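Inspection log for the structure reproduced underneath, given as structure tokens.
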Amino acid sequence: MQSAVPRGGVRTSALVAAVVLGNVFGNFSLSQGMNDLGALLTTSLPAFLAGILNPWVGAGVCVLILAFLAQLSLLSRADLSYVMPVTSVSYVGTAIMGRVFLDEEIELTRWAGIGLITIGAALVGRTKLCTTPRKAAQEAGAGR
Amino acid sequence: MRWLLLGLILAGNATADLLNAAGMRRHGEVREFNPRAVGRLVATVLRNRFVLGGIAAMTVSFFSLLALLSITDLSFAIPATAATYLVETALARLILKERIERMRWIGAAFVAAGVALLML
């Protein structure tokens, strides 16, 4: 059974939110951990790998894995050219997290860029979810 | 060095997303999200060659991102990777044969303008 019909609704929105929030908090956590560690480019490979054991980095990785699973689920029902721009609103959250919690400087032009990306994401969000044929369901999670 | 790392991140992201999209198209729609279903999803996608290839490309991109974050601000590192979206919209049309309507192109153009401002 093929389904090229656009599919919206709560679950798709929830998946978009999961991808966005997961990326925002995962990247924030990673950045926090990397700031703790300092510049890794001047250290050895073991030191680089040891950085993964940093709690902030570990938490960031876990959250990003969950966000990745949500993104795969989203890709199972929507076009790549829909999913990527729509989930790009995570840039706004990332910038705000960086500004508020990491005290990073964000210039006016960068804010303008983030604003344009947000508008672009909103426009893409108004388009059809899926324009390509694909299976309606699969064995891992289609049993209802 | 940060521009080299940025290039690796962009190439890795585009490759990963194309492979993941192709893999999930073959996989079929995911509808349930309880813990057991998520466990089955993980088991299934780990046998999906496209998704495995995507994960390999993501790994390159991820370690490049870690290195970039260690030498530059989060507010540079993450928004600068947005160029991926332009490349991926074109590749989605060319390779995945997605039908990209006018509104989606306009949205992509806004994203492109945003990326240009971020790179200034």
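Chain labels run A, B, ... following the order of the structure tokens; each chain numbers its residues from 1, and ligands are numbered from 1 in the order shown.
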
Filtered DSSP result for chain B, state alpha helix (DSSP H), as a PyMOL selection string: chain B and resi 2-27+35-45+49-71+74-80+84-94+102-119

Take the residues from that selection and write them out as a JSON list (two decimals), in the first residue's frame, keeping C-alpha atoms.
```json
[["chain", "number", "residue", "atom", "x", "y", "z"],
["B", 2, "ARG", "CA", 37.34, 26.51, 11.26],
["B", 3, "TRP", "CA", 36.34, 26.77, 7.57],
["B", 4, "LEU", "CA", 37.82, 23.34, 6.83],
["B", 5, "LEU", "CA", 35.87, 21.87, 9.73],
["B", 6, "LEU", "CA", 32.76, 23.67, 8.51],
["B", 7, "GLY", "CA", 33.21, 22.08, 5.06],
["B", 8, "LEU", "CA", 33.45, 18.63, 6.60],
["B", 9, "ILE", "CA", 30.29, 19.30, 8.61],
["B", 10, "LEU", "CA", 28.35, 20.43, 5.53],
["B", 11, "ALA", "CA", 29.41, 17.50, 3.33],
["B", 12, "GLY", "CA", 28.77, 15.02, 6.12],
["B", 13, "ASN", "CA", 25.33, 16.47, 6.90],
["B", 14, "ALA", "CA", 24.16, 16.49, 3.27],
["B", 15, "THR", "CA", 25.33, 12.92, 2.65],
["B", 16, "ALA", "CA", 23.82, 11.71, 5.90],
["B", 17, "ASP", "CA", 20.43, 13.30, 5.34],
["B", 18, "LEU", "CA", 20.13, 12.02, 1.78],
["B", 19, "LEU", "CA", 20.99, 8.49, 2.86],
["B", 20, "ASN", "CA", 18.69, 8.65, 5.89],
["B", 21, "ALA", "CA", 15.81, 9.97, 3.79],
["B", 22, "ALA", "CA", 16.32, 7.24, 1.18],
["B", 23, "GLY", "CA", 16.56, 4.62, 3.93],
["B", 24, "MET", "CA", 13.42, 5.73, 5.74],
["B", 25, "ARG", "CA", 11.49, 5.92, 2.48],
["B", 26, "ARG", "CA", 12.25, 2.22, 2.00],
["B", 27, "HIS", "CA", 11.60, 1.51, 5.67],
["B", 35, "PRO", "CA", 9.31, 2.39, 24.25],
["B", 36, "ARG", "CA", 8.89, -1.05, 22.64],
["B", 37, "ALA", "CA", 8.15, 0.44, 19.23],
["B", 38, "VAL", "CA", 11.15, 2.76, 19.56],
["B", 39, "GLY", "CA", 13.29, -0.27, 20.45],
["B", 40, "ARG", "CA", 12.03, -2.07, 17.35],
["B", 41, "LEU", "CA", 12.68, 1.04, 15.28],
["B", 42, "VAL", "CA", 16.29, 1.15, 16.49],
["B", 43, "ALA", "CA", 16.77, -2.55, 15.72],
["B", 44, "THR", "CA", 15.29, -2.13, 12.25],
["B", 45, "VAL", "CA", 17.17, 0.99, 11.20],
["B", 49, "ARG", "CA", 22.21, -0.03, 4.82],
["B", 50, "PHE", "CA", 21.17, 3.48, 3.85],
["B", 51, "VAL", "CA", 20.71, 4.59, 7.45],
["B", 52, "LEU", "CA", 23.99, 2.92, 8.45],
["B", 53, "GLY", "CA", 25.73, 4.88, 5.67],
["B", 54, "GLY", "CA", 23.99, 8.00, 6.92],
["B", 55, "ILE", "CA", 25.21, 7.34, 10.46],
["B", 56, "ALA", "CA", 28.79, 6.95, 9.15],
["B", 57, "ALA", "CA", 28.53, 10.32, 7.38],
["B", 58, "MET", "CA", 27.00, 11.84, 10.52],
["B", 59, "THR", "CA", 29.93, 10.54, 12.56],
["B", 60, "VAL", "CA", 32.39, 12.49, 10.39],
["B", 61, "SER", "CA", 30.19, 15.55, 10.72],
["B", 62, "PHE", "CA", 29.77, 15.09, 14.48],
["B", 63, "PHE", "CA", 33.48, 14.93, 15.30],
["B", 64, "SER", "CA", 34.10, 17.89, 13.05],
["B", 65, "LEU", "CA", 31.41, 19.76, 14.99],
["B", 66, "LEU", "CA", 32.99, 18.82, 18.32],
["B", 67, "ALA", "CA", 36.34, 20.15, 17.11],
["B", 68, "LEU", "CA", 34.71, 23.31, 15.75],
["B", 69, "LEU", "CA", 32.86, 23.93, 19.02],
["B", 70, "SER", "CA", 36.16, 23.70, 20.87],
["B", 71, "ILE", "CA", 37.64, 26.61, 18.89],
["B", 74, "LEU", "CA", 28.18, 28.00, 19.58],
["B", 75, "SER", "CA", 26.39, 30.91, 17.90],
["B", 76, "PHE", "CA", 28.87, 30.69, 14.98],
["B", 77, "ALA", "CA", 29.23, 26.92, 14.79],
["B", 78, "ILE", "CA", 25.58, 25.91, 14.63],
["B", 79, "PRO", "CA", 24.02, 28.63, 12.44],
["B", 80, "ALA", "CA", 26.96, 28.45, 9.99],
["B", 84, "THR", "CA", 23.43, 22.35, 4.30],
["B", 85, "TYR", "CA", 19.76, 23.22, 3.79],
["B", 86, "LEU", "CA", 20.36, 24.84, 0.40],
["B", 87, "VAL", "CA", 22.37, 21.92, -0.91],
["B", 88, "GLU", "CA", 19.90, 19.40, 0.43],
["B", 89, "THR", "CA", 16.86, 21.05, -1.16],
["B", 90, "ALA", "CA", 18.52, 20.79, -4.59],
["B", 91, "LEU", "CA", 19.74, 17.24, -3.96],
["B", 92, "ALA", "CA", 16.30, 16.17, -2.73],
["B", 93, "ARG", "CA", 14.88, 17.26, -6.07],
["B", 94, "LEU", "CA", 17.68, 15.76, -8.18],
["B", 102, "ARG", "CA", 7.10, 27.30, -5.36],
["B", 103, "MET", "CA", 6.46, 28.00, -1.68],
["B", 104, "ARG", "CA", 9.14, 25.51, -0.71],
["B", 105, "TRP", "CA", 11.63, 27.14, -3.08],
["B", 106, "ILE", "CA", 10.78, 30.56, -1.63],
["B", 107, "GLY", "CA", 11.26, 29.19, 1.86],
["B", 108, "ALA", "CA", 14.62, 27.76, 0.82],
["B", 109, "ALA", "CA", 15.55, 31.18, -0.61],
["B", 110, "PHE", "CA", 14.77, 32.81, 2.75],
["B", 111, "VAL", "CA", 16.96, 30.23, 4.41],
["B", 112, "ALA", "CA", 19.72, 31.01, 1.86],
["B", 113, "ALA", "CA", 19.48, 34.72, 2.63],
["B", 114, "GLY", "CA", 19.63, 33.95, 6.31],
["B", 115, "VAL", "CA", 22.73, 31.83, 5.81],
["B", 116, "ALA", "CA", 24.38, 34.64, 3.83],
["B", 117, "LEU", "CA", 23.79, 37.04, 6.73],
["B", 118, "LEU", "CA", 25.11, 34.52, 9.21],
["B", 119, "MET", "CA", 28.32, 34.16, 7.20]]
```

Residue contacts of stretch 77-85 of chain A (6 Å, only C-alpha atoms) excluding same-chain residues fewer than 6 positions away, as a ChimeraX atom specification: /A:121,129-130 /B:29,89

From B:Asn48, B:Phe33, B:Arg99, B:Thr72, residue lying nearest A:Ala70 [only C-alpha atoms]: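 Checking each of B:Asn48, B:Phe33, B:Arg99, B:Thr72 against A:Ala70, counting only C-alpha atoms, the winner is B:Phe33.
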
Gap from atom CA of A:Gly113 to atom CA of B:Asp73 - Å, one decimal: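 Here the two named atoms are 16.3 Å from each other.
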
Which residue of B:Ile95, B:Met1, B:Leu46, B:Val30 approaches chain A most closely, using only C-alpha atoms: B:Val30

Proximity to A:Gly33 - best of A:Ala59, A:Val92, A:Ala122, A:Ala17, only C-alpha atoms: A:Ala59

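With only C-alpha atoms as the atoms that count, the minimum distance from chain B to the choices A:Leu72, A:Val100, A:Val20, A:Ala67 is reached by A:Leu72.
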
Selection near A:Leu64, 12 Å with only C-alpha atoms, sequence-local residues under 6 positions removed, as a ChimeraX atom specification: /A:18-30,57-58,70-71 /B:58,62

Nearest residue to chain B from the set A:Gly115, A:Pro46, A:Gly93, A:Gly120 (distances using only C-alpha atoms): A:Gly120

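Counting from atom CA of A:Arg126, the distance to atom CA of A:Ala112 is 21.7 Å.
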